[in-house]
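The file protein02.pdb contains PDB, C-alpha atoms:
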MODEL        1
ATOM      1  CA  MET E   1     -25.375 -45.397  23.246  1.00  0.00           C
ATOM      2  CA  LYS E   2     -22.265 -44.101  25.064  1.00  0.00           C
ATOM      3  CA  HIS E   3     -20.214 -44.643  21.901  1.00  0.00           C
ATOM      4  CA  ILE E   4     -22.645 -42.633  19.814  1.00  0.00           C
ATOM      5  CA  LEU E   5     -22.625 -39.744  22.300  1.00  0.00           C
ATOM      6  CA  LEU E   6     -18.829 -39.863  22.489  1.00  0.00           C
ATOM      7  CA  PHE E   7     -18.625 -39.847  18.684  1.00  0.00           C
ATOM      8  CA  PHE E   8     -20.822 -36.732  18.413  1.00  0.00           C
ATOM      9  CA  ALA E   9     -18.942 -34.991  21.220  1.00  0.00           C
ATOM     10  CA  LEU E  10     -15.638 -35.586  19.416  1.00  0.00           C
ATOM     11  CA  LEU E  11     -17.142 -34.483  16.101  1.00  0.00           C
ATOM     12  CA  ALA E  12     -18.427 -31.241  17.628  1.00  0.00           C
ATOM     13  CA  GLY E  13     -15.077 -30.562  19.314  1.00  0.00           C
ATOM     14  CA  THR E  14     -13.160 -31.178  16.091  1.00  0.00           C
ATOM     15  CA  SER E  15     -15.474 -28.872  14.119  1.00  0.00           C
ATOM     16  CA  SER E  16     -14.993 -26.074  16.654  1.00  0.00           C
ATOM     17  CA  PHE E  17     -11.215 -26.526  16.545  1.00  0.00           C
ATOM     18  CA  VAL E  18     -11.124 -26.432  12.727  1.00  0.00           C
ATOM     19  CA  SER E  19     -13.257 -23.258  12.531  1.00  0.00           C
ATOM     20  CA  ALA E  20     -11.067 -21.565  15.123  1.00  0.00           C
ATOM     21  CA  GLN E  21      -8.041 -22.335  12.945  1.00  0.00           C
ATOM     22  CA  GLU E  22      -9.505 -20.652   9.842  1.00  0.00           C
ATOM     23  CA  LYS E  23      -7.908 -17.281   9.197  1.00  0.00           C
ATOM     24  CA  LYS E  24      -9.967 -14.196   8.593  1.00  0.00           C
ATOM     25  CA  ALA E  25      -9.037 -12.069   5.595  1.00  0.00           C
ATOM     26  CA  PRO E  26      -6.866  -9.146   6.721  1.00  0.00           C
ATOM     27  CA  ALA E  27      -8.582  -5.757   6.941  1.00  0.00           C
ATOM     28  CA  SER E  28      -5.896  -4.305   4.647  1.00  0.00           C
ATOM     29  CA  PRO E  29      -4.728  -7.109   2.334  1.00  0.00           C
ATOM     30  CA  ARG E  30      -1.357  -6.897   0.577  1.00  0.00           C
ATOM     31  CA  VAL E  31      -2.022  -6.391  -3.138  1.00  0.00           C
ATOM     32  CA  THR E  32       0.168  -5.895  -6.204  1.00  0.00           C
ATOM     33  CA  ALA E  33      -0.097  -3.502  -9.130  1.00  0.00           C
ATOM     34  CA  GLU E  34       2.006  -4.192 -12.211  1.00  0.00           C
ATOM     35  CA  GLY E  35       3.047  -2.241 -15.286  1.00  0.00           C
ATOM     36  CA  LYS E  36       5.575  -2.760 -18.076  1.00  0.00           C
ATOM     37  CA  ASN E  37       8.688  -2.278 -15.937  1.00  0.00           C
ATOM     38  CA  VAL E  38       7.186  -1.675 -12.504  1.00  0.00           C
ATOM     39  CA  LYS E  39       5.590  -3.758  -9.755  1.00  0.00           C
ATOM     40  CA  ILE E  40       4.138  -2.196  -6.596  1.00  0.00           C
ATOM     41  CA  ALA E  41       3.195  -4.179  -3.456  1.00  0.00           C
ATOM     42  CA  TYR E  42       1.094  -2.353  -0.870  1.00  0.00           C
ATOM     43  CA  GLY E  43      -1.348  -2.861   1.984  1.00  0.00           C
ATOM     44  CA  GLN E  44      -4.811  -1.817   0.755  1.00  0.00           C
ATOM     45  CA  PRO E  45      -6.819  -0.060   3.476  1.00  0.00           C
ATOM     46  CA  SER E  46     -10.474   0.953   3.111  1.00  0.00           C
ATOM     47  CA  LYS E  47     -12.121   4.322   3.695  1.00  0.00           C
ATOM     48  CA  LYS E  48     -14.880   2.934   5.977  1.00  0.00           C
ATOM     49  CA  GLY E  49     -16.660   6.298   6.188  1.00  0.00           C
ATOM     50  CA  ARG E  50     -13.545   8.128   7.401  1.00  0.00           C
ATOM     51  CA  VAL E  51     -12.049  11.361   6.062  1.00  0.00           C
ATOM     52  CA  ILE E  52      -8.707  10.141   4.754  1.00  0.00           C
ATOM     53  CA  PHE E  53      -6.401  12.964   3.684  1.00  0.00           C
ATOM     54  CA  GLY E  54      -5.876  15.753   6.172  1.00  0.00           C
ATOM     55  CA  GLU E  55      -7.267  13.615   9.030  1.00  0.00           C
ATOM     56  CA  LEU E  56      -6.476   9.864   9.050  1.00  0.00           C
ATOM     57  CA  VAL E  57      -3.425  10.544   6.845  1.00  0.00           C
ATOM     58  CA  PRO E  58      -2.173  13.992   7.948  1.00  0.00           C
ATOM     59  CA  TYR E  59      -0.962  16.528   5.401  1.00  0.00           C
ATOM     60  CA  GLY E  60       2.737  17.339   5.460  1.00  0.00           C
ATOM     61  CA  LYS E  61       3.906  14.099   7.112  1.00  0.00           C
ATOM     62  CA  VAL E  62       5.659  11.092   5.573  1.00  0.00           C
ATOM     63  CA  TRP E  63       3.213   8.258   4.885  1.00  0.00           C
ATOM     64  CA  ARG E  64       3.915   4.629   3.894  1.00  0.00           C
ATOM     65  CA  LEU E  65       1.379   4.885   0.996  1.00  0.00           C
ATOM     66  CA  GLY E  66      -0.788   2.067   2.297  1.00  0.00           C
ATOM     67  CA  ALA E  67      -1.273   0.020   5.434  1.00  0.00           C
ATOM     68  CA  ASN E  68       0.983  -2.199   7.548  1.00  0.00           C
ATOM     69  CA  GLU E  69       4.332  -2.805   5.807  1.00  0.00           C
ATOM     70  CA  ALA E  70       5.554   0.150   3.786  1.00  0.00           C
ATOM     71  CA  THR E  71       4.816   0.042   0.061  1.00  0.00           C
ATOM     72  CA  GLU E  72       7.593  -1.327  -2.140  1.00  0.00           C
ATOM     73  CA  ILE E  73       8.154  -0.559  -5.805  1.00  0.00           C
ATOM     74  CA  THR E  74      10.321  -2.763  -8.022  1.00  0.00           C
ATOM     75  CA  PHE E  75      11.838  -1.731 -11.345  1.00  0.00           C
ATOM     76  CA  ALA E  76      12.667  -4.790 -13.476  1.00  0.00           C
ATOM     77  CA  LYS E  77      15.233  -2.745 -15.439  1.00  0.00           C
ATOM     78  CA  ASP E  78      16.610   0.788 -15.272  1.00  0.00           C
ATOM     79  CA  GLY E  79      13.776   3.251 -15.754  1.00  0.00           C
ATOM     80  CA  SER E  80      12.446   6.590 -14.554  1.00  0.00           C
ATOM     81  CA  PHE E  81      10.093   7.837 -11.868  1.00  0.00           C
ATOM     82  CA  GLY E  82       8.627  11.321 -12.194  1.00  0.00           C
ATOM     83  CA  GLY E  83      11.098  11.971 -15.008  1.00  0.00           C
ATOM     84  CA  LYS E  84      14.128  11.121 -12.851  1.00  0.00           C
ATOM     85  CA  PRO E  85      16.335   8.082 -13.588  1.00  0.00           C
ATOM     86  CA  VAL E  86      16.015   4.990 -11.379  1.00  0.00           C
ATOM     87  CA  LYS E  87      18.268   1.932 -11.341  1.00  0.00           C
ATOM     88  CA  ALA E  88      16.678  -1.523 -11.526  1.00  0.00           C
ATOM     89  CA  GLY E  89      15.832  -2.831  -8.078  1.00  0.00           C
ATOM     90  CA  THR E  90      13.320  -2.587  -5.234  1.00  0.00           C
ATOM     91  CA  TYR E  91      12.694   0.539  -3.199  1.00  0.00           C
ATOM     92  CA  THR E  92      10.396   1.572  -0.371  1.00  0.00           C
ATOM     93  CA  LEU E  93       7.852   4.092  -1.690  1.00  0.00           C
ATOM     94  CA  PHE E  94       6.827   6.828   0.736  1.00  0.00           C
ATOM     95  CA  THR E  95       4.707   9.914   0.122  1.00  0.00           C
ATOM     96  CA  ILE E  96       4.122  13.253   1.774  1.00  0.00           C
ATOM     97  CA  PRO E  97       0.523  14.130   0.892  1.00  0.00           C
ATOM     98  CA  GLU E  98      -0.645  17.747   0.708  1.00  0.00           C
ATOM     99  CA  ALA E  99      -4.017  19.071  -0.444  1.00  0.00           C
ATOM    100  CA  SER E 100      -2.825  20.058  -3.930  1.00  0.00           C
ATOM    101  CA  SER E 101       0.410  18.087  -4.427  1.00  0.00           C
ATOM    102  CA  TRP E 102       2.212  15.028  -3.134  1.00  0.00           C
ATOM    103  CA  THR E 103       5.909  14.314  -2.773  1.00  0.00           C
ATOM    104  CA  PHE E 104       6.856  10.745  -3.689  1.00  0.00           C
ATOM    105  CA  ILE E 105      10.039   9.334  -2.157  1.00  0.00           C
ATOM    106  CA  LEU E 106      11.991   6.250  -3.237  1.00  0.00           C
ATOM    107  CA  ASN E 107      14.195   4.939  -0.425  1.00  0.00           C
ATOM    108  CA  SER E 108      16.685   2.056  -0.582  1.00  0.00           C
ATOM    109  CA  GLU E 109      15.937   0.707   2.946  1.00  0.00           C
ATOM    110  CA  LEU E 110      13.506  -2.203   2.533  1.00  0.00           C
ATOM    111  CA  LYS E 111      11.189  -4.100   4.900  1.00  0.00           C
ATOM    112  CA  GLN E 112       9.945  -1.035   6.790  1.00  0.00           C
ATOM    113  CA  TRP E 113       6.844  -1.249   8.972  1.00  0.00           C
ATOM    114  CA  GLY E 114       4.941   1.891   8.136  1.00  0.00           C
ATOM    115  CA  ALA E 115       6.937   5.115   8.138  1.00  0.00           C
ATOM    116  CA  TYR E 116       7.769   5.054  11.848  1.00  0.00           C
ATOM    117  CA  GLU E 117      11.528   4.801  11.305  1.00  0.00           C
ATOM    118  CA  TYR E 118      11.643   7.204   8.337  1.00  0.00           C
ATOM    119  CA  GLU E 119      13.716   9.861  10.136  1.00  0.00           C
ATOM    120  CA  LYS E 120      16.432   7.252  10.772  1.00  0.00           C
ATOM    121  CA  ILE E 121      16.567   6.094   7.131  1.00  0.00           C
ATOM    122  CA  LYS E 122      15.862   9.282   5.143  1.00  0.00           C
ATOM    123  CA  ALA E 123      19.565   9.549   4.240  1.00  0.00           C
ATOM    124  CA  LYS E 124      18.890   6.506   2.013  1.00  0.00           C
ATOM    125  CA  ASN E 125      16.413   8.402  -0.174  1.00  0.00           C
ATOM    126  CA  VAL E 126      17.187   7.719  -3.828  1.00  0.00           C
ATOM    127  CA  LEU E 127      14.910  10.401  -5.246  1.00  0.00           C
ATOM    128  CA  GLU E 128      11.979  12.686  -4.527  1.00  0.00           C
ATOM    129  CA  VAL E 129       9.413  13.979  -7.028  1.00  0.00           C
ATOM    130  CA  LYS E 130       6.308  16.135  -6.721  1.00  0.00           C
ATOM    131  CA  ALA E 131       3.003  15.410  -8.429  1.00  0.00           C
ATOM    132  CA  ALA E 132      -0.281  17.297  -8.557  1.00  0.00           C
ATOM    133  CA  ALA E 133      -3.148  15.977  -6.435  1.00  0.00           C
ATOM    134  CA  THR E 134      -6.588  16.410  -7.992  1.00  0.00           C
ATOM    135  CA  LYS E 135     -10.125  15.445  -7.048  1.00  0.00           C
ATOM    136  CA  ALA E 136     -11.091  11.888  -8.021  1.00  0.00           C
ATOM    137  CA  ALA E 137     -14.018  11.499 -10.433  1.00  0.00           C
ATOM    138  CA  ALA E 138     -15.918   9.654  -7.663  1.00  0.00           C
ATOM    139  CA  PRO E 139     -15.051   8.630  -4.088  1.00  0.00           C
ATOM    140  CA  VAL E 140     -12.762   5.582  -3.983  1.00  0.00           C
ATOM    141  CA  GLU E 141     -13.402   3.162  -1.068  1.00  0.00           C
ATOM    142  CA  LYS E 142     -10.087   1.249  -1.138  1.00  0.00           C
ATOM    143  CA  LEU E 143      -6.647   2.714  -1.670  1.00  0.00           C
ATOM    144  CA  THR E 144      -5.941   1.814  -5.282  1.00  0.00           C
ATOM    145  CA  ILE E 145      -2.585   1.964  -7.052  1.00  0.00           C
ATOM    146  CA  THR E 146      -2.490   1.157 -10.760  1.00  0.00           C
ATOM    147  CA  VAL E 147       0.134   1.409 -13.498  1.00  0.00           C
ATOM    148  CA  PRO E 148      -1.742   2.112 -16.752  1.00  0.00           C
ATOM    149  CA  GLY E 149       0.688   2.855 -19.570  1.00  0.00           C
ATOM    150  CA  ASP E 150       3.556   5.046 -18.449  1.00  0.00           C
ATOM    151  CA  LYS E 151       2.194   6.368 -15.170  1.00  0.00           C
ATOM    152  CA  LEU E 152       1.585   5.326 -11.591  1.00  0.00           C
ATOM    153  CA  VAL E 153      -1.911   6.323 -10.397  1.00  0.00           C
ATOM    154  CA  VAL E 154      -2.942   6.559  -6.737  1.00  0.00           C
ATOM    155  CA  GLU E 155      -6.625   6.979  -5.861  1.00  0.00           C
ATOM    156  CA  TRP E 156      -8.350   6.949  -2.496  1.00  0.00           C
ATOM    157  CA  ASP E 157     -11.283   8.789  -1.004  1.00  0.00           C
ATOM    158  CA  GLN E 158     -11.577  12.031  -3.019  1.00  0.00           C
ATOM    159  CA  THR E 159      -7.920  12.128  -4.184  1.00  0.00           C
ATOM    160  CA  HIS E 160      -6.259  11.232  -7.510  1.00  0.00           C
ATOM    161  CA  VAL E 161      -2.465  11.545  -8.073  1.00  0.00           C
ATOM    162  CA  GLU E 162      -0.385  10.538 -11.113  1.00  0.00           C
ATOM    163  CA  VAL E 163       3.383  10.178 -11.541  1.00  0.00           C
ATOM    164  CA  PRO E 164       5.093   9.369 -14.864  1.00  0.00           C
ATOM    165  CA  VAL E 165       6.931   6.037 -14.625  1.00  0.00           C
ATOM    166  CA  LYS E 166       8.898   3.997 -17.171  1.00  0.00           C
TER     167      LYS E 166
ENDMDL
END
As structure tokens:
Amino acid sequence: MKHILLFFALLAGTSSFVSAQEKKAPASPRVTAEGKNVKIAYGQPSKKGRVIFGELVPYGKVWRLGANEATEITFAKDGSFGGKPVKAGTYTLFTIPEASSWTFILNSELKQWGAYEYEKIKAKNVLEVKAAATKAAAPVEKLTITVPGDKLVVEWDQTHVEVPVK
């Protein structure tokens, strides 16, 4: 009888240990959007009932365009972003959101956590382009970046922004 009780005690302890080791999915998973010449890796936060632009993400301040690590954009070959030439390579992609337009910034300093160190690295900006911000057709729960055809599209909450990209 002691052996049976010991067996079940060990089994229960092992089960608890295994479940404690299981990882929960991150609140803002790292996702990738790909186009013909472009790949974008970003942390995908959710709206969760919050007002995003103008509150959670303030207008007029540099933003990492996502959650956690700053967003990175990779050009497989020389291309263009917002009509401006870009050499092949990987760049950190920042934005400065405003109510009616956004500034997109490509910066050569990689592996940034958020935009906290932006002031120290802004001299490494490769280019800046402006794009119109419009109202999304419907509210978008998760920050979504896509690359349909020759444009990069950002949608979240009530906002839709497009930048030509090749």
Which segment 44-65 of chain E residues have any atom within 12 Å of an atom of segment 89-106 of chain E, and for each, what is the nearest pair of atoms with distance in Å to one decimal, counting all atoms listed in the file, rows sorted by chain and number, as a tab-separated table?
residue	atom	partner	partner_atom	distance
E:Ile52	CA	E:Pro97	CA	10.8
E:Phe53	CA	E:Pro97	CA	7.6
E:Gly54	CA	E:Ala99	CA	7.6
E:Glu55	CA	E:Pro97	CA	11.3
E:Leu56	CA	E:Pro97	CA	11.6
E:Val57	CA	E:Pro97	CA	8.0
E:Pro58	CA	E:Pro97	CA	7.6
E:Tyr59	CA	E:Glu98	CA	4.9
E:Gly60	CA	E:Ile96	CA	5.7
E:Lys61	CA	E:Ile96	CA	5.4
E:Val62	CA	E:Ile96	CA	4.6
E:Trp63	CA	E:Thr95	CA	5.3
E:Arg64	CA	E:Phe94	CA	4.8
E:Leu65	CA	E:Phe94	CA	5.8
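Atom to atom, atom CA of Lys120 of chain E and atom CA of Ala67 of chain E stand 19.9 Å apart.
The closest residue to Pro148 of chain E, picked from E:Pro29, E:Gly114, E:Gly35, E:Pro164 and counting all atoms listed in the file, is E:Gly35.
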- line: Judged by all atoms listed in the file, the minimum distance to Lys47 of chain E among E:Leu152, E:Val161, E:Ile73, E:Val140 is found for E:Val140
message: For a test of reading the model, state the distance in Å between atom CA of Asn37 of chain E and atom CA of Ala76 of chain E, rounded to one decimal.
response: 5.3 Å
Fill-in result for segment 25-57 of chain E, N, CA and C atoms as a CSV table (one decimal), in the frame of the given file:
chain,number,residue,atom,x,y,z
E,25,ALA,N,-9.8,-12.9,6.6
E,25,ALA,CA,-9.0,-12.1,5.6
E,25,ALA,C,-8.6,-10.8,6.3
E,26,PRO,N,-7.3,-10.3,6.0
E,26,PRO,CA,-6.9,-9.1,6.7
E,26,PRO,C,-7.7,-7.9,6.3
E,27,ALA,N,-7.8,-7.0,7.2
E,27,ALA,CA,-8.6,-5.8,6.9
E,27,ALA,C,-7.9,-5.0,5.8
E,28,SER,N,-6.6,-5.0,5.7
E,28,SER,CA,-5.9,-4.3,4.6
E,28,SER,C,-5.0,-5.3,3.9
E,29,PRO,N,-5.5,-6.1,3.0
E,29,PRO,CA,-4.7,-7.1,2.3
E,29,PRO,C,-3.6,-6.5,1.5
E,30,ARG,N,-2.5,-7.3,1.4
E,30,ARG,CA,-1.4,-6.9,0.6
E,30,ARG,C,-1.7,-7.2,-0.9
E,31,VAL,N,-1.7,-6.2,-1.7
E,31,VAL,CA,-2.0,-6.4,-3.1
E,31,VAL,C,-0.9,-5.9,-4.0
E,32,THR,N,-0.9,-6.3,-5.3
E,32,THR,CA,0.2,-5.9,-6.2
E,32,THR,C,-0.4,-5.2,-7.4
E,33,ALA,N,0.2,-4.2,-7.9
E,33,ALA,CA,-0.1,-3.5,-9.1
E,33,ALA,C,1.1,-3.7,-10.0
E,34,GLU,N,0.9,-4.0,-11.3
E,34,GLU,CA,2.0,-4.2,-12.2
E,34,GLU,C,1.8,-3.4,-13.5
E,35,GLY,N,3.0,-2.9,-14.0
E,35,GLY,CA,3.0,-2.2,-15.3
E,35,GLY,C,4.1,-2.9,-16.1
E,36,LYS,N,4.6,-2.2,-17.2
E,36,LYS,CA,5.6,-2.8,-18.1
E,36,LYS,C,6.9,-3.1,-17.4
E,37,ASN,N,7.4,-2.1,-16.6
E,37,ASN,CA,8.7,-2.3,-15.9
E,37,ASN,C,8.6,-2.2,-14.4
E,38,VAL,N,7.4,-2.0,-13.9
E,38,VAL,CA,7.2,-1.7,-12.5
E,38,VAL,C,6.2,-2.6,-11.8
E,39,LYS,N,6.5,-3.0,-10.6
E,39,LYS,CA,5.6,-3.8,-9.8
E,39,LYS,C,5.5,-3.1,-8.4
E,40,ILE,N,4.3,-2.9,-7.9
E,40,ILE,CA,4.1,-2.2,-6.6
E,40,ILE,C,3.4,-3.1,-5.7
E,41,ALA,N,3.9,-3.4,-4.5
E,41,ALA,CA,3.2,-4.2,-3.5
E,41,ALA,C,2.8,-3.3,-2.3
E,42,TYR,N,1.5,-3.3,-1.9
E,42,TYR,CA,1.1,-2.4,-0.9
E,42,TYR,C,-0.1,-2.9,-0.1
E,43,GLY,N,-0.2,-2.5,1.2
E,43,GLY,CA,-1.3,-2.9,2.0
E,43,GLY,C,-2.5,-2.0,1.6
E,44,GLN,N,-3.7,-2.6,1.3
E,44,GLN,CA,-4.8,-1.8,0.8
E,44,GLN,C,-5.9,-1.5,1.8
E,45,PRO,N,-5.8,-0.4,2.5
E,45,PRO,CA,-6.8,-0.1,3.5
E,45,PRO,C,-8.1,0.4,2.8
E,46,SER,N,-9.2,0.5,3.6
E,46,SER,CA,-10.5,1.0,3.1
E,46,SER,C,-10.8,2.3,3.8
E,47,LYS,N,-11.7,3.0,3.2
E,47,LYS,CA,-12.1,4.3,3.7
E,47,LYS,C,-13.0,4.1,4.9
E,48,LYS,N,-14.0,3.2,4.9
E,48,LYS,CA,-14.9,2.9,6.0
E,48,LYS,C,-15.5,4.2,6.6
E,49,GLY,N,-16.0,5.1,5.7
E,49,GLY,CA,-16.7,6.3,6.2
E,49,GLY,C,-15.8,7.4,6.8
E,50,ARG,N,-14.5,7.2,6.8
E,50,ARG,CA,-13.5,8.1,7.4
E,50,ARG,C,-13.1,9.2,6.4
E,51,VAL,N,-12.7,10.3,6.9
E,51,VAL,CA,-12.0,11.4,6.1
E,51,VAL,C,-10.6,10.9,6.0
E,52,ILE,N,-10.1,10.7,4.8
E,52,ILE,CA,-8.7,10.1,4.8
E,52,ILE,C,-7.6,11.2,4.8
E,53,PHE,N,-7.5,12.0,3.8
E,53,PHE,CA,-6.4,13.0,3.7
E,53,PHE,C,-6.7,14.2,4.5
E,54,GLY,N,-5.7,14.6,5.3
E,54,GLY,CA,-5.9,15.8,6.2
E,54,GLY,C,-6.3,15.3,7.6
E,55,GLU,N,-6.8,14.1,7.7
E,55,GLU,CA,-7.3,13.6,9.0
E,55,GLU,C,-6.6,12.3,9.3
E,56,LEU,N,-7.1,11.2,8.8
E,56,LEU,CA,-6.5,9.9,9.0
E,56,LEU,C,-5.0,9.9,8.6
E,57,VAL,N,-4.8,10.4,7.4
E,57,VAL,CA,-3.4,10.5,6.8
E,57,VAL,C,-3.2,12.1,6.9
